[in-house]
>>> print(open('target05.pdb').read())   # PDB, C-alpha atoms and all ligand atoms
ATOM      1  CA  MET A  18       0.000   0.000   0.000
ATOM      2  CA  ALA A  19       2.858   2.376   0.823
ATOM      3  CA  ALA A  20       4.303   1.926  -2.650
ATOM      4  CA  LEU A  21       0.850   2.467  -4.141
ATOM      5  CA  THR A  22       0.234   5.760  -2.374
ATOM      6  CA  ARG A  23       3.772   6.950  -3.163
ATOM      7  CA  LEU A  24       3.304   6.163  -6.825
ATOM      8  CA  PHE A  25      -0.142   7.701  -6.967
ATOM      9  CA  ARG A  26       1.197  10.811  -5.266
ATOM     10  CA  SER A  27       3.962  11.105  -7.813
ATOM     11  CA  SER A  28       1.410  10.567 -10.586
ATOM     12  CA  SER A  29       0.068  14.075 -10.230
ATOM     13  CA  HIS A  30       1.871  14.369 -13.581
ATOM     14  CA  VAL A  31      -0.705  12.024 -15.019
ATOM     15  CA  SER A  32       0.051  12.990 -18.597
ATOM     16  CA  LEU A  33       3.679  11.952 -18.125
ATOM     17  CA  ILE A  34       2.656   8.502 -16.858
ATOM     18  CA  ARG A  35       0.034   8.216 -19.557
ATOM     19  CA  ARG A  36       2.630   9.015 -22.214
ATOM     20  CA  SER A  37       5.062   6.435 -20.870
ATOM     21  CA  LEU A  38       2.250   3.869 -20.603
ATOM     22  CA  PHE A  39       1.149   4.472 -24.167
ATOM     23  CA  THR A  40       4.733   4.187 -25.432
ATOM     24  CA  ALA A  41       5.169   0.887 -23.583
ATOM     25  CA  SER A  42       1.897  -0.687 -24.696
ATOM     26  CA  ALA A  43       2.183   0.472 -28.309
ATOM     27  CA  SER A  44       5.530  -1.248 -28.692
ATOM     28  CA  THR A  45       4.645  -4.401 -26.748
ATOM     29  CA  PRO A  46       3.874  -7.312 -29.062
ATOM     30  CA  LEU A  47       1.209  -9.717 -27.839
ATOM     31  CA  GLU A  48       3.700 -12.563 -27.418
ATOM     32  CA  SER A  49       5.739 -10.684 -24.863
ATOM     33  CA  ALA A  50       2.695 -10.085 -22.658
ATOM     34  CA  PRO A  51       3.413 -13.017 -20.273
ATOM     35  CA  ILE A  52       6.984 -11.748 -19.783
ATOM     36  CA  ARG A  53       5.594  -8.348 -18.952
ATOM     37  CA  SER A  54       3.224  -9.934 -16.445
ATOM     38  CA  GLN A  55       6.081 -11.864 -14.821
ATOM     39  CA  ALA A  56       8.066  -8.675 -14.393
ATOM     40  CA  TYR A  57       4.882  -7.109 -13.169
ATOM     41  CA  SER A  58       4.208  -9.594 -10.368
ATOM     42  CA  SER A  59       7.775  -9.375  -9.138
ATOM     43  CA  SER A  60       7.617  -5.574  -9.029
ATOM     44  CA  HIS A  61       4.229  -5.535  -7.230
ATOM     45  CA  ASP A  62       4.588  -8.031  -4.422
ATOM     46  CA  THR A  63       1.151  -9.535  -3.708
ATOM     47  CA  LYS A  64       2.231 -12.056  -1.054
ATOM     48  CA  ASP A  65       1.726 -10.037   2.081
ATOM     49  CA  ARG A  66      -0.997  -7.677   1.160
ATOM     50  CA  ASN A  67      -4.753  -7.733   1.502
ATOM     51  CA  ILE A  68      -7.192  -8.021  -1.424
ATOM     52  CA  GLN A  69      -7.331  -5.266  -4.054
ATOM     53  CA  TRP A  70     -10.669  -5.426  -5.840
ATOM     54  CA  VAL A  71     -12.588  -3.066  -8.103
ATOM     55  CA  PHE A  72     -16.370  -2.728  -8.470
ATOM     56  CA  LEU A  73     -17.638  -1.603 -11.862
ATOM     57  CA  GLY A  74     -21.204  -0.906 -12.945
ATOM     58  CA  CYS A  75     -23.619   1.774 -14.103
ATOM     59  CA  PRO A  76     -24.929   4.510 -11.790
ATOM     60  CA  GLY A  77     -27.535   3.075  -9.416
ATOM     61  CA  VAL A  78     -26.562  -0.575  -9.899
ATOM     62  CA  GLY A  79     -25.614  -0.994  -6.233
ATOM     63  CA  LYS A  80     -21.801  -0.832  -6.308
ATOM     64  CA  GLY A  81     -21.759   1.057  -3.016
ATOM     65  CA  THR A  82     -24.131  -1.358  -1.272
ATOM     66  CA  TYR A  83     -22.303  -4.563  -2.218
ATOM     67  CA  ALA A  84     -18.778  -3.142  -2.027
ATOM     68  CA  SER A  85     -19.496  -1.861   1.462
ATOM     69  CA  ARG A  86     -20.938  -5.230   2.606
ATOM     70  CA  LEU A  87     -17.896  -7.061   1.227
ATOM     71  CA  SER A  88     -15.519  -4.594   2.827
ATOM     72  CA  THR A  89     -17.054  -5.361   6.226
ATOM     73  CA  LEU A  90     -16.938  -9.092   5.555
ATOM     74  CA  LEU A  91     -13.330  -9.130   4.349
ATOM     75  CA  GLY A  92     -11.954  -6.417   6.631
ATOM     76  CA  VAL A  93     -10.690  -4.084   3.901
ATOM     77  CA  PRO A  94     -11.628  -0.442   3.306
ATOM     78  CA  HIS A  95     -14.365   0.415   0.819
ATOM     79  CA  ILE A  96     -13.184   3.465  -1.100
ATOM     80  CA  ALA A  97     -15.801   5.166  -3.291
ATOM     81  CA  THR A  98     -14.495   8.026  -5.430
ATOM     82  CA  GLY A  99     -18.061   9.419  -5.653
ATOM     83  CA  ASP A 100     -17.963   9.828  -1.838
ATOM     84  CA  LEU A 101     -14.585  11.573  -2.091
ATOM     85  CA  VAL A 102     -16.031  13.969  -4.667
ATOM     86  CA  ARG A 103     -19.102  14.639  -2.471
ATOM     87  CA  GLU A 104     -16.874  15.271   0.580
ATOM     88  CA  GLU A 105     -14.950  17.836  -1.449
ATOM     89  CA  LEU A 106     -18.248  19.357  -2.627
ATOM     90  CA  SER A 107     -19.342  19.943   0.945
ATOM     91  CA  SER A 108     -16.293  22.163   1.551
ATOM     92  CA  SER A 109     -16.153  25.722   0.249
ATOM     93  CA  THR A 110     -12.896  25.612  -1.677
ATOM     94  CA  PRO A 111     -12.494  26.895  -5.277
ATOM     95  CA  LEU A 112     -12.186  23.214  -6.278
ATOM     96  CA  SER A 113     -15.622  22.443  -4.801
ATOM     97  CA  LYS A 114     -17.255  25.114  -7.013
ATOM     98  CA  HIS A 115     -15.601  23.621 -10.076
ATOM     99  CA  LEU A 116     -16.640  20.070  -9.068
ATOM    100  CA  LYS A 117     -20.233  21.092  -8.422
ATOM    101  CA  GLU A 118     -20.596  22.318 -11.995
ATOM    102  CA  ILE A 119     -19.224  19.068 -13.409
ATOM    103  CA  VAL A 120     -21.168  16.697 -11.143
ATOM    104  CA  ASN A 121     -24.443  18.545 -11.683
ATOM    105  CA  GLN A 122     -24.097  18.077 -15.417
ATOM    106  CA  GLY A 123     -23.539  14.342 -14.925
ATOM    107  CA  LYS A 124     -20.019  14.658 -16.372
ATOM    108  CA  LEU A 125     -16.816  13.004 -15.181
ATOM    109  CA  VAL A 126     -14.283  14.867 -13.092
ATOM    110  CA  SER A 127     -10.821  15.042 -14.720
ATOM    111  CA  ASP A 128      -8.445  12.110 -14.225
ATOM    112  CA  GLU A 129      -5.960  14.465 -12.524
ATOM    113  CA  ILE A 130      -8.455  15.657  -9.884
ATOM    114  CA  ILE A 131      -9.866  12.198  -9.161
ATOM    115  CA  ILE A 132      -6.403  10.672  -8.813
ATOM    116  CA  SER A 133      -5.361  13.454  -6.470
ATOM    117  CA  LEU A 134      -8.487  12.868  -4.279
ATOM    118  CA  LEU A 135      -7.897   9.103  -4.325
ATOM    119  CA  SER A 136      -4.217   9.342  -3.442
ATOM    120  CA  LYS A 137      -5.046  11.631  -0.497
ATOM    121  CA  ARG A 138      -7.604   9.048   0.717
ATOM    122  CA  LEU A 139      -5.102   6.176   0.331
ATOM    123  CA  GLU A 140      -2.456   8.144   2.187
ATOM    124  CA  ALA A 141      -4.835   8.828   5.091
ATOM    125  CA  GLY A 142      -5.811   5.137   5.169
ATOM    126  CA  GLU A 143      -2.197   4.074   5.171
ATOM    127  CA  ALA A 144      -1.498   6.341   8.127
ATOM    128  CA  ASN A 145      -4.322   4.524   9.942
ATOM    129  CA  GLY A 146      -2.840   1.112   9.149
ATOM    130  CA  GLU A 147      -5.249   0.182   6.342
ATOM    131  CA  SER A 148      -4.271  -2.548   3.921
ATOM    132  CA  GLY A 149      -5.971  -3.597   0.668
ATOM    133  CA  PHE A 150      -9.157  -2.026  -0.712
ATOM    134  CA  ILE A 151     -12.378  -2.408  -2.595
ATOM    135  CA  LEU A 152     -12.559   0.471  -5.059
ATOM    136  CA  ASP A 153     -15.986   1.658  -6.142
ATOM    137  CA  GLY A 154     -16.319   4.189  -8.979
ATOM    138  CA  PHE A 155     -12.629   4.004  -9.933
ATOM    139  CA  PRO A 156     -11.344   3.422 -12.573
ATOM    140  CA  ARG A 157     -14.011   4.984 -14.775
ATOM    141  CA  THR A 158     -11.926   5.676 -17.861
ATOM    142  CA  VAL A 159      -9.360   3.532 -19.645
ATOM    143  CA  THR A 160      -6.681   6.101 -18.755
ATOM    144  CA  GLN A 161      -7.526   5.695 -15.052
ATOM    145  CA  ALA A 162      -7.399   1.890 -15.459
ATOM    146  CA  GLU A 163      -3.996   2.119 -17.144
ATOM    147  CA  ILE A 164      -2.625   4.349 -14.400
ATOM    148  CA  LEU A 165      -3.934   1.979 -11.720
ATOM    149  CA  ASP A 166      -2.512  -0.973 -13.625
ATOM    150  CA  ASP A 167       0.851   0.753 -13.692
ATOM    151  CA  VAL A 168       0.994   1.362  -9.945
ATOM    152  CA  THR A 169      -0.508  -1.816  -8.516
ATOM    153  CA  ASP A 170      -1.950  -5.257  -9.165
ATOM    154  CA  ILE A 171      -5.748  -5.540  -9.106
ATOM    155  CA  ASP A 172      -6.811  -9.081  -8.163
ATOM    156  CA  LEU A 173     -10.426  -9.064  -9.249
ATOM    157  CA  VAL A 174     -12.961  -6.781 -10.931
ATOM    158  CA  VAL A 175     -16.666  -7.314 -10.265
ATOM    159  CA  ASN A 176     -19.016  -5.910 -12.889
ATOM    160  CA  LEU A 177     -22.547  -5.531 -11.522
ATOM    161  CA  LYS A 178     -25.336  -5.409 -14.089
ATOM    162  CA  LEU A 179     -28.994  -4.391 -14.255
ATOM    163  CA  PRO A 180     -31.215  -3.324 -17.179
ATOM    164  CA  GLU A 181     -31.157   0.421 -17.895
ATOM    165  CA  ASN A 182     -34.839   1.059 -16.998
ATOM    166  CA  VAL A 183     -34.212  -0.449 -13.535
ATOM    167  CA  LEU A 184     -31.089   1.699 -13.088
ATOM    168  CA  LEU A 185     -33.053   4.871 -13.774
ATOM    169  CA  GLU A 186     -35.803   3.941 -11.296
ATOM    170  CA  LYS A 187     -33.214   3.022  -8.668
ATOM    171  CA  CYS A 188     -31.335   6.326  -9.035
ATOM    172  CA  LEU A 189     -34.557   8.331  -8.794
ATOM    173  CA  GLY A 190     -35.559   6.413  -5.645
ATOM    174  CA  ARG A 191     -32.210   6.932  -3.858
ATOM    175  CA  ARG A 192     -32.321   8.804  -0.542
ATOM    176  CA  ILE A 193     -29.618   9.599   2.007
ATOM    177  CA  CYS A 194     -30.082  10.361   5.689
ATOM    178  CA  ASP A 195     -28.664  13.841   6.149
ATOM    179  CA  GLN A 196     -27.649  12.978   9.702
ATOM    180  CA  CYS A 197     -26.159   9.459   9.693
ATOM    181  CA  GLY A 198     -25.256   9.317   5.974
ATOM    182  CA  LYS A 199     -26.946   5.919   5.403
ATOM    183  CA  ASN A 200     -28.393   5.144   1.966
ATOM    184  CA  PHE A 201     -32.003   4.097   1.362
ATOM    185  CA  ASN A 202     -34.221   3.578  -1.644
ATOM    186  CA  VAL A 203     -37.928   4.348  -1.836
ATOM    187  CA  ALA A 204     -38.421   2.767  -5.293
ATOM    188  CA  SER A 205     -40.466  -0.396  -5.510
ATOM    189  CA  ILE A 206     -39.205  -2.126  -8.631
ATOM    190  CA  ASN A 207     -41.146  -4.692 -10.608
ATOM    191  CA  VAL A 208     -39.863  -4.911 -14.169
ATOM    192  CA  LYS A 209     -40.826  -7.601 -16.684
ATOM    193  CA  GLY A 210     -37.802  -9.510 -17.948
ATOM    194  CA  GLU A 211     -37.074  -9.150 -21.658
ATOM    195  CA  ASN A 212     -35.652 -11.726 -24.116
ATOM    196  CA  GLY A 213     -36.413 -14.661 -21.828
ATOM    197  CA  ASN A 214     -34.780 -13.016 -18.786
ATOM    198  CA  PRO A 215     -36.598 -13.314 -15.443
ATOM    199  CA  ASP A 216     -38.620 -10.417 -14.003
ATOM    200  CA  ILE A 217     -36.716  -8.119 -11.650
ATOM    201  CA  LYS A 218     -38.341  -7.305  -8.357
ATOM    202  CA  MET A 219     -36.782  -5.144  -5.687
ATOM    203  CA  ALA A 220     -38.506  -4.104  -2.502
ATOM    204  CA  PRO A 221     -37.826  -0.549  -1.306
ATOM    205  CA  LEU A 222     -35.090  -0.145   1.287
ATOM    206  CA  LEU A 223     -36.946   2.106   3.709
ATOM    207  CA  PRO A 224     -35.289   4.130   6.494
ATOM    208  CA  PRO A 225     -35.928   3.586  10.210
ATOM    209  CA  SER A 226     -38.250   6.163  11.785
ATOM    210  CA  HIS A 227     -35.379   8.286  13.200
ATOM    211  CA  CYS A 228     -33.994   8.827   9.653
ATOM    212  CA  ALA A 229     -37.351   9.215   7.836
ATOM    213  CA  SER A 230     -37.633  12.980   8.359
ATOM    214  CA  LYS A 231     -33.997  13.647   7.414
ATOM    215  CA  LEU A 232     -33.890  12.146   3.945
ATOM    216  CA  ILE A 233     -32.236  14.072   1.133
ATOM    217  CA  THR A 234     -31.781  13.334  -2.581
ATOM    218  CA  ARG A 235     -28.442  13.678  -4.355
ATOM    219  CA  SER A 236     -28.473  16.757  -6.603
ATOM    220  CA  ASP A 237     -27.305  14.599  -9.548
ATOM    221  CA  ASP A 238     -30.109  12.024  -9.144
ATOM    222  CA  THR A 239     -32.597  13.785 -11.442
ATOM    223  CA  GLU A 240     -33.934  12.089 -14.577
ATOM    224  CA  VAL A 241     -31.986  14.337 -16.976
ATOM    225  CA  ILE A 242     -28.682  13.980 -15.132
ATOM    226  CA  VAL A 243     -29.047  10.209 -14.550
ATOM    227  CA  LYS A 244     -29.678   9.688 -18.288
ATOM    228  CA  GLU A 245     -26.558  11.724 -19.060
ATOM    229  CA  ARG A 246     -24.527   9.702 -16.510
ATOM    230  CA  LEU A 247     -25.739   6.467 -18.126
ATOM    231  CA  ARG A 248     -24.735   7.790 -21.550
ATOM    232  CA  ILE A 249     -21.296   8.747 -20.249
ATOM    233  CA  TYR A 250     -20.942   5.341 -18.586
ATOM    234  CA  ASN A 251     -21.580   3.583 -21.893
ATOM    235  CA  ASP A 252     -19.157   5.864 -23.667
ATOM    236  CA  LYS A 253     -16.253   6.145 -21.190
ATOM    237  CA  SER A 254     -16.613   3.369 -18.617
ATOM    238  CA  GLN A 255     -17.751   0.389 -20.677
ATOM    239  CA  PRO A 256     -14.301   0.250 -22.345
ATOM    240  CA  VAL A 257     -12.907  -0.221 -18.810
ATOM    241  CA  GLU A 258     -14.913  -3.483 -18.611
ATOM    242  CA  GLU A 259     -13.175  -4.599 -21.803
ATOM    243  CA  PHE A 260      -9.795  -3.555 -20.347
ATOM    244  CA  TYR A 261     -10.231  -5.980 -17.442
ATOM    245  CA  ARG A 262     -12.016  -8.656 -19.503
ATOM    246  CA  ALA A 263      -8.960  -8.847 -21.777
ATOM    247  CA  ARG A 264      -6.804  -9.387 -18.684
ATOM    248  CA  GLY A 265      -9.069 -12.195 -17.416
ATOM    249  CA  LYS A 266      -9.895 -10.294 -14.224
ATOM    250  CA  LEU A 267     -13.552  -9.500 -14.842
ATOM    251  CA  ILE A 268     -16.443 -11.301 -13.159
ATOM    252  CA  GLU A 269     -19.838 -10.372 -14.651
ATOM    253  CA  PHE A 270     -22.718 -10.459 -12.205
ATOM    254  CA  ASP A 271     -26.350  -9.920 -13.274
ATOM    255  CA  LEU A 272     -28.187  -8.889 -10.140
ATOM    256  CA  PRO A 273     -31.189 -11.196  -9.755
ATOM    257  CA  GLY A 274     -33.172  -8.762  -7.557
ATOM    258  CA  GLY A 275     -32.782  -6.828  -4.325
ATOM    259  CA  ILE A 276     -30.267  -7.418  -1.520
ATOM    260  CA  PRO A 277     -31.926 -10.587  -0.065
ATOM    261  CA  GLU A 278     -31.711 -12.429  -3.423
ATOM    262  CA  SER A 279     -28.490 -10.859  -4.736
ATOM    263  CA  TRP A 280     -26.168 -10.902  -1.713
ATOM    264  CA  PRO A 281     -26.019 -14.731  -1.260
ATOM    265  CA  ARG A 282     -25.682 -15.213  -5.034
ATOM    266  CA  LEU A 283     -22.848 -12.674  -5.187
ATOM    267  CA  LEU A 284     -21.018 -14.450  -2.358
ATOM    268  CA  GLU A 285     -21.455 -17.691  -4.275
ATOM    269  CA  ALA A 286     -20.085 -16.126  -7.479
ATOM    270  CA  LEU A 287     -17.056 -14.903  -5.507
ATOM    271  CA  ASN A 288     -16.522 -18.285  -3.826
ATOM    272  CA  LEU A 289     -17.239 -16.637  -0.504
ATOM    273  CA  ASP A 290     -20.493 -18.457   0.261
ATOM    274  CA  ASP A 291     -18.962 -20.545   3.043
ATOM    275  CA  TYR A 292     -16.907 -17.601   4.245
ATOM    276  CA  ASP A 293     -17.438 -16.787   7.873
ATOM    277  CA  ASP A 294     -15.893 -13.584   9.180
ATOM    278  CA  ARG A 295     -15.726 -15.017  12.700
ATOM    279  CA  ARG A 296     -13.092 -17.517  11.558
ATOM    280  CA  GLY A 297      -9.456 -16.932  12.452
ATOM    281  CA  LEU A 298      -7.040 -14.755  10.531
ATOM    282  CA  LYS A 299      -5.210 -17.815   9.207
ATOM    283  CA  ASP A 300      -8.359 -19.138   7.483
ATOM    284  CA  ARG A 301      -9.031 -15.698   6.070
ATOM    285  CA  ARG A 302      -5.517 -15.481   4.601
ATOM    286  CA  ILE A 303      -6.042 -18.902   2.978
ATOM    287  CA  THR A 304      -9.336 -17.763   1.395
ATOM    288  CA  LEU A 305      -7.758 -14.550   0.097
ATOM    289  CA  TYR A 306      -4.794 -16.516  -1.229
ATOM    290  CA  VAL A 307      -7.128 -18.912  -3.085
ATOM    291  CA  LEU A 308      -9.083 -15.996  -4.584
ATOM    292  CA  ARG A 309      -5.856 -14.378  -5.765
ATOM    293  CA  VAL A 310      -4.576 -17.617  -7.304
ATOM    294  CA  GLN A 311      -7.909 -18.035  -9.126
ATOM    295  CA  ALA A 312      -7.665 -14.484 -10.518
ATOM    296  CA  ILE A 313      -4.062 -15.036 -11.692
ATOM    297  CA  ASP A 314      -5.054 -18.374 -13.227
ATOM    298  CA  ARG A 315      -7.908 -16.694 -15.140
ATOM    299  CA  ALA A 316      -5.540 -13.972 -16.370
ATOM    300  CA  PHE A 317      -3.031 -16.543 -17.654
ATOM    301  CA  ARG A 318      -5.705 -18.662 -19.349
ATOM    302  CA  ASN A 319      -6.914 -15.528 -21.084
ATOM    303  CA  LEU A 320      -3.435 -14.565 -22.221
ATOM    304  CA  GLU A 321      -2.882 -18.080 -23.561
ATOM    305  CA  ARG A 322      -6.150 -17.810 -25.520
ATOM    306  CA  ARG A 323      -5.045 -14.495 -26.997
ATOM    307  CA  ARG A 324      -1.629 -15.925 -27.932
ATOM    308  CA  PHE A 325      -3.341 -18.853 -29.629
ATOM    309  CA  HIS A 326      -5.545 -16.500 -31.694
ATOM    310  CA  PHE A 327      -2.513 -14.403 -32.548
ATOM    311  CA  ARG A 328      -0.655 -17.437 -33.938
ATOM    312  CA  LEU A 329      -3.699 -18.454 -35.997
TER     313      LEU A 329
HETATM  314  N1  LIG A 401     -13.356   7.792 -11.192
HETATM  315  C1  LIG A 401     -14.022   8.930 -11.465
HETATM  316  N2  LIG A 401     -13.647   9.688 -12.522
HETATM  317  C2  LIG A 401     -14.291  10.839 -12.818
HETATM  318  N3  LIG A 401     -15.326  11.321 -12.108
HETATM  319  C3  LIG A 401     -15.754  10.604 -11.035
HETATM  320  C4  LIG A 401     -15.114   9.368 -10.668
HETATM  321  N4  LIG A 401     -15.742   8.882  -9.555
HETATM  322  C5  LIG A 401     -16.706   9.760  -9.266
HETATM  323  N5  LIG A 401     -16.731  10.796 -10.142
HETATM  324  C6  LIG A 401     -17.652  11.955 -10.150
HETATM  325  O1  LIG A 401     -18.528  11.860  -9.029
HETATM  326  C7  LIG A 401     -19.883  11.697  -9.445
HETATM  327  C8  LIG A 401     -20.600  10.764  -8.497
HETATM  328  O2  LIG A 401     -19.970   9.500  -8.512
HETATM  329  P1  LIG A 401     -20.705   8.188  -7.965
HETATM  330  O3  LIG A 401     -21.235   8.441  -6.614
HETATM  331  O4  LIG A 401     -19.752   7.055  -8.136
HETATM  332  O5  LIG A 401     -21.930   8.096  -8.957
HETATM  333  P2  LIG A 401     -22.732   6.966  -9.680
HETATM  334  O6  LIG A 401     -23.983   6.833  -8.877
HETATM  335  O7  LIG A 401     -22.953   7.648 -11.007
HETATM  336  O8  LIG A 401     -21.956   5.690  -9.802
HETATM  337  C9  LIG A 401     -19.788  11.183 -10.877
HETATM  338  O9  LIG A 401     -20.933  11.479 -11.649
HETATM  339  C10 LIG A 401     -18.566  11.953 -11.374
HETATM  340  O10 LIG A 401     -18.866  13.299 -11.665
END
>>> encode(input="target05.pdb", output="structure tokens")
Amino acid sequence: MAALTRLFRSSSHVSLIRRSLFTASASTPLESAPIRSQAYSSSHDTKDRNIQWVFLGCPGVGKGTYASRLSTLLGVPHIATGDLVREELSSSTPLSKHLKEIVNQGKLVSDEIIISLLSKRLEAGEANGESGFILDGFPRTVTQAEILDDVTDIDLVVNLKLPENVLLEKCLGRRICDQCGKNFNVASINVKGENGNPDIKMAPLLPPSHCASKLITRSDDTEVIVKERLRIYNDKSQPVEEFYRARGKLIEFDLPGGIPESWPRLLEALNLDDYDDRRGLKDRRITLYVLRVQAIDRAFRNLERRRFHFRL
């Protein structure tokens, strides 16, 4: 983690890193990819660190909900760049004014600003003894993914999926308690499945009585802005899915419904269904080690497939 924060800090010259990354990848023939990945694993030692996962998915899909549950289960911090942006927005700095304009148009903040906010958060976590992470909302562009790839090894990327009409309803139903910061959803979703897919039903996630009178809606959760965010996701963030798919790190997960149906199925998909957080640290290390080996195995199988195609 220390190396990661140091590197991120020094990557305030993002364009410099981007240039060097582009030069490296443009001149790297496909066949030398495994060599690059060997050099890679020796330069980013994964033996003694905690998991480093990424959650991808459209606005409103539930990245925050599931990433936060997993972070509690696995004992790693859940770092959401959207939260970092909102924290900055609540201050009265010149940067917050600039961010407000961008966020309220549903646009993406620049790579430079988001990396600076993320490196500050990682630095603070490191000072508090944090290790590993589940990133939510980062990377959101291929450039961000390349920069992350250059500074550390991501073990697994979970891509949560829901149909677009459900995403819109979910975003419009989102509420936050102004006092405790907890997230709720007042939407009651019942959408007919298309093309042979099952119907999607999600019960509202209603607040307890002490939060009910303090609910607020995010300023960017209006119909116009959500539609723009979905458009930008398809344009800028979907290529990030491909980035990780090509590296064999992506797990696709179609949410079958609300939390009661989806959470156990997600744990199953992640091989965590028999995971019990009351077990000892040794057991936990073994589980994390197995997950990491599975991710590396997937990456190598994928590279082999690509090499095979290349020879053909
Ligand atoms: N990695 C990122 N790159 C650029 N902008 C970001 C990033 N993460 C968050 N933001 C900004 O913060 C806003 C809120 O992010 P988030 O809470 O993750 O929203 P969403 O519900 O759309 O997933 C985004 O619309 C965007 O303006």
>>> axis_aligned_box(input="target05.pdb", around="ligand LIG 401 (chain A)", padding_each_side="8 Å", output="lines of an AutoDock Vina configuration file")
center_x = -18.7
center_y = 9.5
center_z = -9.7
size_x = 26.6
size_y = 23.6
size_z = 22.2
>>> closest_atom_pairs(input="target05.pdb", of="region 134-192 of chain A", to="region 99-118 of chain A", cutoff="9 Å", atoms="only C-alpha atoms", output="JSON lines")
{"residue": "A:Leu134", "atom": "CA", "partner": "A:Leu101", "partner_atom": "CA", "distance": 6.6}
{"residue": "A:Leu135", "atom": "CA", "partner": "A:Leu101", "partner_atom": "CA", "distance": 7.5}
{"residue": "A:Arg138", "atom": "CA", "partner": "A:Leu101", "partner_atom": "CA", "distance": 7.9}
{"residue": "A:Asp153", "atom": "CA", "partner": "A:Gly99", "partner_atom": "CA", "distance": 8.0}
{"residue": "A:Gly154", "atom": "CA", "partner": "A:Gly99", "partner_atom": "CA", "distance": 6.4}
{"residue": "A:Phe155", "atom": "CA", "partner": "A:Gly99", "partner_atom": "CA", "distance": 8.8}
>>> resolve_selection(input="target05.pdb", expression="the PyMOL selection byres (((not hetatm)) within 9 of (chain A and resi 401))", output="PyMOL selection string")
chain A and resi 73-81+97-103+116-117+119-128+130-132+135+153-158+161+188+237-238+242-243+246-247+250
>>> write_last_selection(input="target05.pdb", atoms="C-alpha atoms", output="short mmCIF file (atom, residue, chain, number, x, y, z; two decimals), keeping the file's coordinate frame")
data_model
loop_
_atom_site.label_atom_id
_atom_site.label_comp_id
_atom_site.auth_asym_id
_atom_site.auth_seq_id
_atom_site.Cartn_x
_atom_site.Cartn_y
_atom_site.Cartn_z
CA LEU A 73 -17.64 -1.60 -11.86
CA GLY A 74 -21.20 -0.91 -12.94
CA CYS A 75 -23.62 1.77 -14.10
CA PRO A 76 -24.93 4.51 -11.79
CA GLY A 77 -27.54 3.08 -9.42
CA VAL A 78 -26.56 -0.57 -9.90
CA GLY A 79 -25.61 -0.99 -6.23
CA LYS A 80 -21.80 -0.83 -6.31
CA GLY A 81 -21.76 1.06 -3.02
CA ALA A 97 -15.80 5.17 -3.29
CA THR A 98 -14.50 8.03 -5.43
CA GLY A 99 -18.06 9.42 -5.65
CA ASP A 100 -17.96 9.83 -1.84
CA LEU A 101 -14.58 11.57 -2.09
CA VAL A 102 -16.03 13.97 -4.67
CA ARG A 103 -19.10 14.64 -2.47
CA LEU A 116 -16.64 20.07 -9.07
CA LYS A 117 -20.23 21.09 -8.42
CA ILE A 119 -19.22 19.07 -13.41
CA VAL A 120 -21.17 16.70 -11.14
CA ASN A 121 -24.44 18.55 -11.68
CA GLN A 122 -24.10 18.08 -15.42
CA GLY A 123 -23.54 14.34 -14.92
CA LYS A 124 -20.02 14.66 -16.37
CA LEU A 125 -16.82 13.00 -15.18
CA VAL A 126 -14.28 14.87 -13.09
CA SER A 127 -10.82 15.04 -14.72
CA ASP A 128 -8.44 12.11 -14.22
CA ILE A 130 -8.46 15.66 -9.88
CA ILE A 131 -9.87 12.20 -9.16
CA ILE A 132 -6.40 10.67 -8.81
CA LEU A 135 -7.90 9.10 -4.32
CA ASP A 153 -15.99 1.66 -6.14
CA GLY A 154 -16.32 4.19 -8.98
CA PHE A 155 -12.63 4.00 -9.93
CA PRO A 156 -11.34 3.42 -12.57
CA ARG A 157 -14.01 4.98 -14.78
CA THR A 158 -11.93 5.68 -17.86
CA GLN A 161 -7.53 5.70 -15.05
CA CYS A 188 -31.34 6.33 -9.04
CA ASP A 237 -27.30 14.60 -9.55
CA ASP A 238 -30.11 12.02 -9.14
CA ILE A 242 -28.68 13.98 -15.13
CA VAL A 243 -29.05 10.21 -14.55
CA ARG A 246 -24.53 9.70 -16.51
CA LEU A 247 -25.74 6.47 -18.13
CA TYR A 250 -20.94 5.34 -18.59
#
>>> closest_residue(input="target05.pdb", among="A:Ala144, A:Val257, A:Val241, A:Ile151", to="Thr82 (chain A)", atoms="only C-alpha atoms")
A:Ile151
>>> closest_residue(input="target05.pdb", among="A:Asp170, A:Gly198, A:Glu140, A:Val208", to="Arg264 (chain A)", atoms="all atoms listed in the file")
A:Asp170
>>> atom_distance(input="target05.pdb", atom1="CA of Asp166 (chain A)", atom2="CA of Ile96 (chain A)")
17.0 Å
>>> resolve_selection(input="target05.pdb", expression="the PyMOL selection byres (((chain A and resi 267-282) around 10) and not hetatm)", output="number ranges by chain")
A: 71-74, 78-79, 82-83, 86-87, 172-180, 206-207, 214-222, 258-266, 283-290, 312, 315-316
>>> closest_residue(input="target05.pdb", among="A:Ala162, A:Ala84, A:Ile68, A:Leu152", to="Gln255 (chain A)", atoms="all atoms listed in the file")
A:Ala162
>>> atom_distance(input="target05.pdb", atom1="CA of Pro224 (chain A)", atom2="CA of Ser205 (chain A)")
13.8 Å
>>> resolve_selection(input="target05.pdb", expression="the PyMOL selection byres (((chain A and resi 229) around 12) and not hetatm)", output="JSON, numbers by chain")
{"A": [192, 193, 194, 195, 196, 197, 199, 200, 201, 202, 203, 222, 223, 224, 225, 226, 227, 228, 230, 231, 232, 233]}
>>> atom_distance(input="target05.pdb", atom1="CA of Asp252 (chain A)", atom2="CA of Leu185 (chain A)")
17.1 Å
